[in-house]
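Colleague: Below you'll find run-v4.pdb; it's PDB, C-alpha atoms.
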```pdb
ATOM      1  CA  MET A 152      37.404 -21.089 -16.575  1.00  0.00           C
ATOM      2  CA  SER A 153      37.649 -19.500 -19.966  1.00  0.00           C
ATOM      3  CA  LEU A 154      34.900 -17.652 -21.754  1.00  0.00           C
ATOM      4  CA  ARG A 155      34.443 -20.471 -24.242  1.00  0.00           C
ATOM      5  CA  SER A 156      33.981 -23.162 -21.576  1.00  0.00           C
ATOM      6  CA  GLY A 157      31.516 -20.876 -19.707  1.00  0.00           C
ATOM      7  CA  PHE A 158      29.520 -20.449 -22.911  1.00  0.00           C
ATOM      8  CA  TYR A 159      29.416 -24.218 -23.438  1.00  0.00           C
ATOM      9  CA  ALA A 160      28.292 -24.738 -19.828  1.00  0.00           C
ATOM     10  CA  LEU A 161      25.477 -22.230 -20.368  1.00  0.00           C
ATOM     11  CA  ILE A 162      24.340 -23.973 -23.566  1.00  0.00           C
ATOM     12  CA  LEU A 163      24.444 -27.350 -21.783  1.00  0.00           C
ATOM     13  CA  ALA A 164      22.351 -26.031 -18.869  1.00  0.00           C
ATOM     14  CA  LEU A 165      19.783 -24.461 -21.193  1.00  0.00           C
ATOM     15  CA  GLY A 166      19.556 -27.677 -23.172  1.00  0.00           C
ATOM     16  CA  PHE A 167      19.063 -29.694 -20.000  1.00  0.00           C
ATOM     17  CA  PHE A 168      16.174 -27.506 -18.812  1.00  0.00           C
ATOM     18  CA  SER A 169      14.523 -27.426 -22.233  1.00  0.00           C
ATOM     19  CA  PHE A 170      13.715 -31.152 -21.963  1.00  0.00           C
ATOM     20  CA  ALA A 171      12.002 -30.799 -18.574  1.00  0.00           C
ATOM     21  CA  PRO A 172       8.281 -31.566 -18.684  1.00  0.00           C
ATOM     22  CA  PRO A 173       6.061 -28.498 -18.368  1.00  0.00           C
ATOM     23  CA  ALA A 174       4.223 -27.981 -15.109  1.00  0.00           C
ATOM     24  CA  GLY A 175       0.540 -28.622 -15.692  1.00  0.00           C
ATOM     25  CA  ALA A 176      -1.823 -26.322 -13.862  1.00  0.00           C
ATOM     26  CA  ALA A 177      -4.882 -28.528 -13.734  1.00  0.00           C
ATOM     27  CA  PRO A 178      -7.922 -27.349 -11.778  1.00  0.00           C
ATOM     28  CA  LEU A 179      -8.785 -29.222  -8.631  1.00  0.00           C
ATOM     29  CA  SER A 180     -11.665 -31.614  -9.056  1.00  0.00           C
ATOM     30  CA  TYR A 181     -14.483 -31.519  -6.566  1.00  0.00           C
ATOM     31  CA  ASN A 182     -17.907 -33.037  -6.189  1.00  0.00           C
ATOM     32  CA  SER A 183     -20.432 -30.270  -6.846  1.00  0.00           C
ATOM     33  CA  GLY A 184     -23.256 -32.320  -5.321  1.00  0.00           C
ATOM     34  CA  SER A 185     -21.587 -32.580  -1.925  1.00  0.00           C
ATOM     35  CA  PRO A 186     -22.609 -29.718   0.431  1.00  0.00           C
ATOM     36  CA  GLU A 187     -19.655 -30.135   2.831  1.00  0.00           C
ATOM     37  CA  ILE A 188     -17.040 -29.561   0.125  1.00  0.00           C
ATOM     38  CA  SER A 189     -16.764 -25.960  -0.952  1.00  0.00           C
ATOM     39  CA  ARG A 190     -15.599 -24.732  -4.309  1.00  0.00           C
ATOM     40  CA  PRO A 191     -11.830 -24.221  -4.611  1.00  0.00           C
ATOM     41  CA  VAL A 192     -12.241 -20.665  -5.915  1.00  0.00           C
ATOM     42  CA  GLU A 193     -14.666 -18.180  -4.436  1.00  0.00           C
ATOM     43  CA  ALA A 194     -15.632 -14.861  -5.977  1.00  0.00           C
ATOM     44  CA  VAL A 195     -14.640 -11.887  -3.836  1.00  0.00           C
ATOM     45  CA  GLY A 196     -16.309  -8.566  -4.472  1.00  0.00           C
ATOM     46  CA  TRP A 197     -14.039  -5.546  -4.087  1.00  0.00           C
ATOM     47  CA  ARG A 198     -16.799  -3.074  -4.754  1.00  0.00           C
ATOM     48  CA  CYS A 199     -15.092  -0.231  -2.918  1.00  0.00           C
ATOM     49  CA  GLY A 200     -11.476  -1.246  -3.538  1.00  0.00           C
ATOM     50  CA  ARG A 201      -8.646  -2.127  -1.214  1.00  0.00           C
ATOM     51  CA  GLY A 202      -8.472  -0.053   1.935  1.00  0.00           C
ATOM     52  CA  TRP A 203     -12.119   0.963   1.661  1.00  0.00           C
ATOM     53  CA  ARG A 204     -15.305  -0.558   3.037  1.00  0.00           C
ATOM     54  CA  MET A 205     -19.035   0.005   2.768  1.00  0.00           C
ATOM     55  CA  ASN A 206     -20.810   1.768   5.605  1.00  0.00           C
ATOM     56  CA  ARG A 207     -24.391   1.041   6.629  1.00  0.00           C
ATOM     57  CA  TYR A 208     -25.733   3.432   3.995  1.00  0.00           C
ATOM     58  CA  GLY A 209     -23.902   1.686   1.135  1.00  0.00           C
ATOM     59  CA  ASP A 210     -21.267   4.408   0.656  1.00  0.00           C
ATOM     60  CA  CYS A 211     -17.573   3.592   0.282  1.00  0.00           C
ATOM     61  CA  VAL A 212     -15.546   4.936   3.206  1.00  0.00           C
ATOM     62  CA  PRO A 213     -11.858   4.394   4.066  1.00  0.00           C
ATOM     63  CA  ASN A 214     -10.927   1.762   6.621  1.00  0.00           C
ATOM     64  CA  ARG A 215      -9.874   3.232   9.919  1.00  0.00           C
ATOM     65  CA  ARG A 216      -6.332   2.253  10.783  1.00  0.00           C
ATOM     66  CA  ALA A 217      -6.172   3.687  14.271  1.00  0.00           C
ATOM     67  CA  SER A 218      -8.795   5.019  16.618  1.00  0.00           C
ATOM     68  CA  VAL A 219      -6.529   6.688  19.174  1.00  0.00           C
ATOM     69  CA  CYS A 220      -3.372   8.650  18.442  1.00  0.00           C
ATOM     70  CA  GLY A 221      -0.623   9.614  20.854  1.00  0.00           C
ATOM     71  CA  ARG A 222       0.010  12.997  22.416  1.00  0.00           C
ATOM     72  CA  GLY A 223       0.765  15.643  19.788  1.00  0.00           C
ATOM     73  CA  TRP A 224      -0.914  13.610  17.041  1.00  0.00           C
ATOM     74  CA  ARG A 225      -4.450  13.658  15.663  1.00  0.00           C
ATOM     75  CA  LEU A 226      -6.584  11.423  13.446  1.00  0.00           C
ATOM     76  CA  ASN A 227      -7.186  12.822   9.948  1.00  0.00           C
ATOM     77  CA  ARG A 228     -10.184  12.018   7.755  1.00  0.00           C
ATOM     78  CA  TYR A 229      -8.415   8.993   6.221  1.00  0.00           C
ATOM     79  CA  GLY A 230      -7.846   7.378   9.608  1.00  0.00           C
ATOM     80  CA  GLU A 231      -4.125   8.151   9.762  1.00  0.00           C
ATOM     81  CA  CYS A 232      -2.327   9.711  12.718  1.00  0.00           C
ATOM     82  CA  VAL A 233      -0.722  13.011  11.707  1.00  0.00           C
ATOM     83  CA  ARG A 234       1.332  15.434  13.786  1.00  0.00           C
ATOM     84  CA  VAL A 235      -0.566  18.415  15.172  1.00  0.00           C
ATOM     85  CA  ARG A 236       0.780  21.651  13.728  1.00  0.00           C
ATOM     86  CA  PRO A 237       0.491  24.831  15.759  1.00  0.00           C
ATOM     87  CA  VAL A 238      -2.404  27.019  14.646  1.00  0.00           C
ATOM     88  CA  ALA A 239      -0.721  30.346  15.234  1.00  0.00           C
ATOM     89  CA  ARG A 240       2.894  31.183  15.940  1.00  0.00           C
ATOM     90  CA  VAL A 241       4.026  34.549  17.164  1.00  0.00           C
ATOM     91  CA  CYS A 242       7.183  35.818  15.537  1.00  0.00           C
ATOM     92  CA  ALA A 243       9.504  38.370  17.060  1.00  0.00           C
ATOM     93  CA  ARG A 244       9.424  42.015  16.007  1.00  0.00           C
ATOM     94  CA  GLY A 245      10.897  42.435  12.522  1.00  0.00           C
ATOM     95  CA  TYR A 246       9.934  38.900  11.434  1.00  0.00           C
ATOM     96  CA  HIS A 247       6.846  37.508   9.712  1.00  0.00           C
ATOM     97  CA  LEU A 248       5.254  34.080   9.464  1.00  0.00           C
ATOM     98  CA  THR A 249       5.493  32.202   6.142  1.00  0.00           C
ATOM     99  CA  PRO A 250       2.777  29.808   4.888  1.00  0.00           C
ATOM    100  CA  ARG A 251       5.026  26.907   5.946  1.00  0.00           C
ATOM    101  CA  GLY A 252       5.015  28.192   9.540  1.00  0.00           C
ATOM    102  CA  LEU A 253       8.532  29.636   9.630  1.00  0.00           C
ATOM    103  CA  CYS A 254       9.560  33.039  10.949  1.00  0.00           C
ATOM    104  CA  VAL A 255      11.662  34.986   8.440  1.00  0.00           C
ATOM    105  CA  ARG A 256      13.123  38.520   8.588  1.00  0.00           C
ATOM    106  CA  ASN A 257      11.081  41.315   7.054  1.00  0.00           C
ATOM    107  CA  TRP A 258      12.645  43.163   4.107  1.00  0.00           C
TER     108      TRP A 258
END
```
Just give me the structure as structure tokens.
Modeller:
Amino acid sequence: MSLRSGFYALILALGFFSFAPPAGAAPLSYNSGSPEISRPVEAVGWRCGRGWRMNRYGDCVPNRRASVCGRGWRLNRYGECVRVRPVARVCARGYHLTPRGLCVRNW
């Protein structure tokens, strides 16, 4: 297939789809006087935002994802399981502990 015939095929396809009727997005009709039929669209209030909920005092707090974590993991304040890092690590003589928890040689 040459470039020219491919171009003509593209023009033909675009012309074919340009005569297609547009899709009409009409709202659903419902009887507002009927109590058993609900409205098709309901308002949802995301006062706190996604991933957050209101507690009994009206404050926005994060949703808890997990209540129990496995061994060596703990639950942080956002409800996520994070790995427990050792509090203190003893380095050998001639080494010191860095803020990242690594033992490096003293200079």
Colleague: Applying 12 Å and only C-alpha atoms, which residues near A:Pro213 remain after dropping the ones on its own chain fewer than 4 positions away? List them as a PyMOL selection string.
Modeller: chain A and resi 199-206+217+227-231
Colleague: Distance atom CA of A:Pro250-atom CA of A:Trp224, one decimal place?
Modeller: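 Computing it gives 20.6 Å between the two atoms.
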Colleague: Measure the distance from atom CA of A:Cys220 to atom CA of A:Tyr208 in Å and round it to one decimal.
Modeller: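 So the answer is 27.1 Å.
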Colleague: Residue by residue, what does the PyMOL selection byres ((chain A and resi 222) around 12) grab here? Present the result as JSON, numbers by chain.
Modeller: {"A": [219, 220, 221, 223, 224, 225, 226, 232, 233, 234, 235]}
Colleague: Could you jot down the atom CA of A:Arg155 to atom CA of A:Ser169 separation for me, Å, one decimal place?
Modeller: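 Computing it gives 21.2 Å between the two atoms.
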Colleague: Run the PyMOL selection byres ((chain A and resi 253) around 12) on the file and write out the hits as a PyMOL selection string.
Modeller: chain A and resi 236-237+239-243+246-252+254-256
Colleague: Which of these residues is nearest to A:Arg244, using only C-alpha atoms: A:Asn257, A:Arg207, A:Leu154, A:Tyr159?
Modeller: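 So, comparing all the options, the nearest one is A:Asn257.
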Colleague: Nearest to A:Trp258: which of A:Leu165, A:Gly245, A:Ala160, A:Arg198 is it, counting only C-alpha atoms?
Modeller: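 So, comparing all the options, the nearest one is A:Gly245.
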